[in-house]
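Okay, structure-v2.pdb is below, PDB, C-alpha atoms, pLDDT in the B column:
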ATOM      1  CA  MET A   1     -39.531 -50.251 -21.731  1.00 53.00           C
ATOM      2  CA  ASN A   2     -37.560 -48.931 -24.735  1.00 63.00           C
ATOM      3  CA  ASP A   3     -38.775 -46.194 -27.000  1.00 65.00           C
ATOM      4  CA  ALA A   4     -37.737 -45.563 -30.606  1.00 64.00           C
ATOM      5  CA  TRP A   5     -34.487 -43.887 -29.555  1.00 64.00           C
ATOM      6  CA  GLY A   6     -33.331 -46.559 -27.143  1.00 64.00           C
ATOM      7  CA  ASN A   7     -34.212 -44.680 -23.966  1.00 60.00           C
ATOM      8  CA  THR A   8     -35.525 -46.643 -21.068  1.00 61.00           C
ATOM      9  CA  ASP A   9     -37.689 -45.393 -18.269  1.00 57.00           C
ATOM     10  CA  GLU A  10     -34.642 -45.359 -15.940  1.00 59.00           C
ATOM     11  CA  ASN A  11     -32.582 -43.184 -18.326  1.00 53.00           C
ATOM     12  CA  GLU A  12     -35.512 -40.911 -18.916  1.00 52.00           C
ATOM     13  CA  ASN A  13     -35.903 -40.111 -15.225  1.00 54.00           C
ATOM     14  CA  LEU A  14     -32.167 -39.410 -14.799  1.00 57.00           C
ATOM     15  CA  ASN A  15     -31.541 -37.317 -17.902  1.00 59.00           C
ATOM     16  CA  ASN A  16     -34.713 -35.294 -18.184  1.00 65.00           C
ATOM     17  CA  GLY A  17     -35.938 -32.543 -15.937  1.00 72.00           C
ATOM     18  CA  PRO A  18     -34.179 -30.206 -13.521  1.00 84.00           C
ATOM     19  CA  LYS A  19     -32.628 -32.880 -11.249  1.00 86.00           C
ATOM     20  CA  PRO A  20     -29.263 -33.063 -13.077  1.00 86.00           C
ATOM     21  CA  LEU A  21     -29.055 -29.272 -13.020  1.00 88.00           C
ATOM     22  CA  ARG A  22     -29.830 -29.198  -9.309  1.00 91.00           C
ATOM     23  CA  ASP A  23     -27.182 -31.832  -8.647  1.00 91.00           C
ATOM     24  CA  ALA A  24     -24.596 -29.896 -10.651  1.00 92.00           C
ATOM     25  CA  TYR A  25     -25.559 -26.693  -8.844  1.00 93.00           C
ATOM     26  CA  GLU A  26     -25.188 -28.335  -5.438  1.00 95.00           C
ATOM     27  CA  ALA A  27     -21.781 -29.739  -6.392  1.00 95.00           C
ATOM     28  CA  GLN A  28     -20.616 -26.328  -7.627  1.00 96.00           C
ATOM     29  CA  LYS A  29     -21.961 -24.627  -4.523  1.00 96.00           C
ATOM     30  CA  LYS A  30     -20.093 -27.082  -2.295  1.00 96.00           C
ATOM     31  CA  THR A  31     -16.859 -26.425  -4.230  1.00 96.00           C
ATOM     32  CA  ASN A  32     -17.363 -22.639  -3.957  1.00 96.00           C
ATOM     33  CA  ASP A  33     -18.003 -22.867  -0.215  1.00 96.00           C
ATOM     34  CA  GLU A  34     -14.799 -24.861   0.281  1.00 96.00           C
ATOM     35  CA  LEU A  35     -12.827 -22.342  -1.784  1.00 96.00           C
ATOM     36  CA  LEU A  36     -14.287 -19.422   0.181  1.00 96.00           C
ATOM     37  CA  LYS A  37     -13.266 -21.080   3.445  1.00 96.00           C
ATOM     38  CA  ARG A  38      -9.726 -21.548   2.136  1.00 96.00           C
ATOM     39  CA  LEU A  39      -9.611 -17.940   0.928  1.00 95.00           C
ATOM     40  CA  ALA A  40     -10.794 -16.644   4.306  1.00 94.00           C
ATOM     41  CA  ALA A  41      -8.115 -18.725   6.043  1.00 94.00           C
ATOM     42  CA  LEU A  42      -5.414 -17.384   3.698  1.00 94.00           C
ATOM     43  CA  GLU A  43      -6.559 -13.785   4.209  1.00 92.00           C
ATOM     44  CA  ALA A  44      -6.558 -14.258   7.986  1.00 89.00           C
ATOM     45  CA  GLN A  45      -3.024 -15.680   7.820  1.00 90.00           C
ATOM     46  CA  ALA A  46      -1.850 -12.771   5.649  1.00 90.00           C
ATOM     47  CA  ASN A  47      -3.393 -10.283   8.105  1.00 88.00           C
ATOM     48  CA  ARG A  48      -1.669 -12.028  11.033  1.00 88.00           C
ATOM     49  CA  ASN A  49       1.665 -11.867   9.194  1.00 89.00           C
ATOM     50  CA  VAL A  50       1.263  -8.156   8.424  1.00 89.00           C
ATOM     51  CA  ALA A  51       0.275  -7.454  12.038  1.00 89.00           C
ATOM     52  CA  ALA A  52       3.254  -9.482  13.269  1.00 90.00           C
ATOM     53  CA  ASP A  53       5.576  -7.490  11.007  1.00 90.00           C
ATOM     54  CA  LEU A  54       4.147  -4.216  12.300  1.00 89.00           C
ATOM     55  CA  ILE A  55       4.437  -5.360  15.914  1.00 88.00           C
ATOM     56  CA  GLU A  56       8.008  -6.471  15.352  1.00 89.00           C
ATOM     57  CA  SER A  57       8.839  -3.103  13.781  1.00 88.00           C
ATOM     58  CA  GLN A  58       7.673  -1.497  17.051  1.00 84.00           C
ATOM     59  CA  GLY A  59      10.409  -3.370  18.903  1.00 85.00           C
ATOM     60  CA  VAL A  60       8.109  -5.990  20.420  1.00 86.00           C
ATOM     61  CA  ALA A  61       8.605  -9.729  20.025  1.00 86.00           C
ATOM     62  CA  ARG A  62       6.830 -11.159  16.991  1.00 86.00           C
ATOM     63  CA  SER A  63       5.127 -13.739  19.204  1.00 86.00           C
ATOM     64  CA  ALA A  64       2.955 -10.971  20.689  1.00 86.00           C
ATOM     65  CA  ALA A  65       1.009 -10.919  17.425  1.00 85.00           C
ATOM     66  CA  LYS A  66      -1.052 -13.905  18.532  1.00 86.00           C
ATOM     67  CA  TYR A  67      -2.724 -11.624  21.094  1.00 87.00           C
ATOM     68  CA  TYR A  68      -3.572  -8.917  18.587  1.00 87.00           C
ATOM     69  CA  THR A  69      -7.031  -9.349  17.044  1.00 85.00           C
ATOM     70  CA  GLY A  70      -7.508  -6.085  15.150  1.00 83.00           C
ATOM     71  CA  GLU A  71      -6.899  -5.074  11.584  1.00 86.00           C
ATOM     72  CA  PRO A  72      -3.295  -4.869  10.394  1.00 84.00           C
ATOM     73  CA  ASP A  73      -3.447  -1.064  10.247  1.00 88.00           C
ATOM     74  CA  PRO A  74      -0.151   0.584  11.316  1.00 88.00           C
ATOM     75  CA  GLU A  75      -1.892   3.191  13.481  1.00 90.00           C
ATOM     76  CA  LYS A  76      -4.026   0.596  15.267  1.00 90.00           C
ATOM     77  CA  VAL A  77      -1.054  -1.697  15.830  1.00 89.00           C
ATOM     78  CA  THR A  78       1.026   1.184  17.224  1.00 89.00           C
ATOM     79  CA  SER A  79      -1.823   2.154  19.528  1.00 89.00           C
ATOM     80  CA  TRP A  80      -2.196  -1.458  20.702  1.00 89.00           C
ATOM     81  CA  VAL A  81       1.541  -1.811  21.357  1.00 89.00           C
ATOM     82  CA  ASN A  82       1.593   1.470  23.298  1.00 88.00           C
ATOM     83  CA  ASP A  83      -1.423   0.335  25.334  1.00 88.00           C
ATOM     84  CA  LEU A  84       0.397  -2.882  26.194  1.00 85.00           C
ATOM     85  CA  ARG A  85       3.525  -1.000  27.148  1.00 86.00           C
ATOM     86  CA  SER A  86       1.611   1.320  29.444  1.00 86.00           C
ATOM     87  CA  ALA A  87      -0.303  -1.624  30.939  1.00 84.00           C
ATOM     88  CA  PHE A  88       2.968  -3.321  31.857  1.00 81.00           C
ATOM     89  CA  GLY A  89       4.546  -0.124  33.146  1.00 78.00           C
ATOM     90  CA  ALA A  90       6.868   0.559  30.245  1.00 73.00           C
ATOM     91  CA  ALA A  91       6.973   3.940  28.580  1.00 65.00           C
ATOM     92  CA  PRO A  92       5.494   4.052  25.078  1.00 62.00           C
ATOM     93  CA  ALA A  93       8.092   4.132  22.343  1.00 59.00           C
ATOM     94  CA  GLN A  94       8.803   7.635  21.183  1.00 60.00           C
ATOM     95  CA  GLN A  95       8.457   8.312  17.523  1.00 57.00           C
ATOM     96  CA  ASP A  96      11.892   9.637  16.642  1.00 54.00           C
ATOM     97  CA  VAL A  97      11.319  12.444  14.215  1.00 53.00           C
ATOM     98  CA  GLN A  98      14.687  13.775  13.264  1.00 60.00           C
ATOM     99  CA  PRO A  99      14.859  16.795  11.044  1.00 61.00           C
ATOM    100  CA  SER A 100      16.321  15.759   7.779  1.00 64.00           C
ATOM    101  CA  GLU A 101      19.382  17.588   6.621  1.00 68.00           C
ATOM    102  CA  PRO A 102      19.300  19.031   3.146  1.00 66.00           C
ATOM    103  CA  VAL A 103      21.118  16.940   0.617  1.00 73.00           C
ATOM    104  CA  LEU A 104      22.871  19.942  -0.871  1.00 74.00           C
ATOM    105  CA  ASN A 105      24.393  22.870   0.982  1.00 79.00           C
ATOM    106  CA  PRO A 106      23.246  26.349  -0.128  1.00 81.00           C
ATOM    107  CA  THR A 107      26.220  26.884  -2.450  1.00 84.00           C
ATOM    108  CA  ASP A 108      25.725  23.566  -4.227  1.00 83.00           C
ATOM    109  CA  GLN A 109      21.975  24.189  -4.311  1.00 82.00           C
ATOM    110  CA  SER A 110      22.577  27.508  -6.069  1.00 80.00           C
ATOM    111  CA  LYS A 111      24.881  25.836  -8.601  1.00 80.00           C
ATOM    112  CA  TYR A 112      22.307  23.091  -9.160  1.00 79.00           C
ATOM    113  CA  GLN A 113      19.549  25.660  -9.655  1.00 78.00           C
ATOM    114  CA  ASN A 114      21.697  27.476 -12.219  1.00 74.00           C
ATOM    115  CA  LEU A 115      22.227  24.173 -14.007  1.00 74.00           C
ATOM    116  CA  LEU A 116      18.464  23.592 -14.081  1.00 73.00           C
ATOM    117  CA  ASN A 117      17.921  27.125 -15.336  1.00 68.00           C
ATOM    118  CA  ALA A 118      20.338  26.528 -18.223  1.00 67.00           C
ATOM    119  CA  GLY A 119      17.430  25.818 -20.528  1.00 61.00           C
ATOM    120  CA  ALA A 120      16.389  22.947 -22.727  1.00 59.00           C
ATOM    121  CA  ASN A 121      19.067  20.837 -24.407  1.00 61.00           C
ATOM    122  CA  SER A 122      21.806  22.743 -22.531  1.00 62.00           C
ATOM    123  CA  ALA A 123      21.123  25.878 -24.524  1.00 63.00           C
ATOM    124  CA  PRO A 124      22.604  28.869 -22.722  1.00 64.00           C
ATOM    125  CA  ILE A 125      20.110  31.216 -21.162  1.00 65.00           C
ATOM    126  CA  GLY A 126      19.921  34.807 -22.252  1.00 70.00           C
ATOM    127  CA  ASN A 127      20.648  37.903 -20.180  1.00 72.00           C
ATOM    128  CA  MET A 128      16.986  38.475 -19.427  1.00 76.00           C
ATOM    129  CA  ASP A 129      16.485  34.901 -18.208  1.00 75.00           C
ATOM    130  CA  ALA A 130      19.646  35.086 -16.108  1.00 75.00           C
ATOM    131  CA  ALA A 131      18.523  38.371 -14.559  1.00 77.00           C
ATOM    132  CA  MET A 132      15.072  36.980 -13.815  1.00 80.00           C
ATOM    133  CA  ALA A 133      16.544  33.845 -12.246  1.00 80.00           C
ATOM    134  CA  ALA A 134      18.921  35.915 -10.096  1.00 81.00           C
ATOM    135  CA  ILE A 135      16.073  38.128  -8.908  1.00 82.00           C
ATOM    136  CA  ASN A 136      13.774  35.169  -8.220  1.00 85.00           C
ATOM    137  CA  ASP A 137      16.482  33.349  -6.263  1.00 85.00           C
ATOM    138  CA  ALA A 138      17.023  36.329  -3.978  1.00 84.00           C
ATOM    139  CA  THR A 139      15.263  36.074  -0.622  1.00 87.00           C
ATOM    140  CA  SER A 140      16.063  39.494   0.805  1.00 87.00           C
ATOM    141  CA  THR A 141      16.511  43.035  -0.393  1.00 88.00           C
ATOM    142  CA  ALA A 142      20.283  42.817   0.045  1.00 89.00           C
ATOM    143  CA  GLU A 143      20.408  39.713  -2.142  1.00 87.00           C
ATOM    144  CA  ARG A 144      18.331  41.483  -4.809  1.00 85.00           C
ATOM    145  CA  ILE A 145      20.700  44.456  -4.796  1.00 87.00           C
ATOM    146  CA  ALA A 146      23.678  42.086  -5.064  1.00 85.00           C
ATOM    147  CA  ALA A 147      21.978  40.292  -7.985  1.00 82.00           C
ATOM    148  CA  PHE A 148      21.457  43.632  -9.800  1.00 79.00           C
ATOM    149  CA  ASN A 149      25.091  44.565  -9.174  1.00 83.00           C
ATOM    150  CA  ARG A 150      26.317  41.258 -10.599  1.00 78.00           C
ATOM    151  CA  LEU A 151      24.213  41.758 -13.702  1.00 71.00           C
ATOM    152  CA  ASN A 152      25.472  45.302 -14.227  1.00 72.00           C
ATOM    153  CA  GLY A 153      29.093  44.647 -13.359  1.00 63.00           C
TER     154      GLY A 153
END
What do you get writing this file as structure tokens?
Amino acid sequence: MNDAWGNTDENENLNNGPKPLRDAYEAQKKTNDELLKRLAALEAQANRNVAADLIESQGVARSAAKYYTGEPDPEKVTSWVNDLRSAFGAAPAQQDVQPSEPVLNPTDQSKYQNLLNAGANSAPIGNMDAAMAAINDATSTAERIAAFNRLNG
């Protein structure tokens, strides 16, 4: 039956009430669930790739990553790789810690420090600043005496 606005009983049941909102909510929830599943799959793939990179950096074949189930934390991956190596009778990889050589030798370092001590905008430093820098750079009593002698002579 039609009312004054042209609505029928069928339209009234479909357009009024909470049913359309529930239907829209269910559709949105289904879409969100699908997106969350895709996101979880992408995150898992990214974690596997990071773990594979870390395993490969340890000198182990990248294909071993399919057996690793932990987090892609470098310490955990290193521990896992070392456990595998010891399980198969291989010695764990040694972490090569080589002492780094200084970039500048002591003479060049001293020249560089003097350049840094030259002051702002390449303004020459005064006698007091030069004396203070020479004293501060000295590491022994003999070097301090030599610095005083250079300033006086």
Using the chain letters and numbering of this document, enumerate as an MDAnalysis selection string the residues selected by the PyMOL selection byres ((chain A and resi 134) around 12). chainID A and resid 110:111 113:114 117 127:133 135:140 143:151
For segment 78-90 of chain A, please output as a ChimeraX atom specification all residues within 9 Å (counting only C-alpha atoms; exclusion window: fewer than 5 positions along the same chain). /A:54-55,58,60,68,70,73
Just give me the gap between atom CA of Asp53 of chain A and atom CA of Glu71 of chain A in Å, one decimal is fine. 12.7 Å
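For the pair atom CA of Ala64 of chain A and atom CA of Leu39 of chain A, the separation is 24.4 Å.
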Interatomic distance between atom CA of Ala40 of chain A and atom CA of Gly59 of chain A?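 Taking atom CA of Ala40 of chain A and atom CA of Gly59 of chain A, their separation equals 29.0 Å.
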Extending 3 Å beyond the listed atoms of segment 45-55 of chain A on each side, what axis-aligned box results? I want centre and edge lengths in Å to one decimal, as lines of an AutoDock Vina configuration file.
center_x = 1.1
center_y = -9.9
center_z = 10.8
size_x = 15.0
size_y = 17.5
size_z = 16.3
What residues come out when you apply the PyMOL selection byres ((chain A and resi 50) around 12) to this file, written as a list in words?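 Taken over the shown coordinates, the PyMOL selection byres ((chain A and resi 50) around 12) returns Glu43, Ala44, Gln45, Ala46, Asn47, Arg48, Asn49, Ala51, Ala52, Asp53, Leu54, Ile55, Glu56, Ser57, Arg62, Ala65, Lys66, Tyr68, Gly70, Glu71, Pro72, Asp73, Pro74 and Val77 of chain A.
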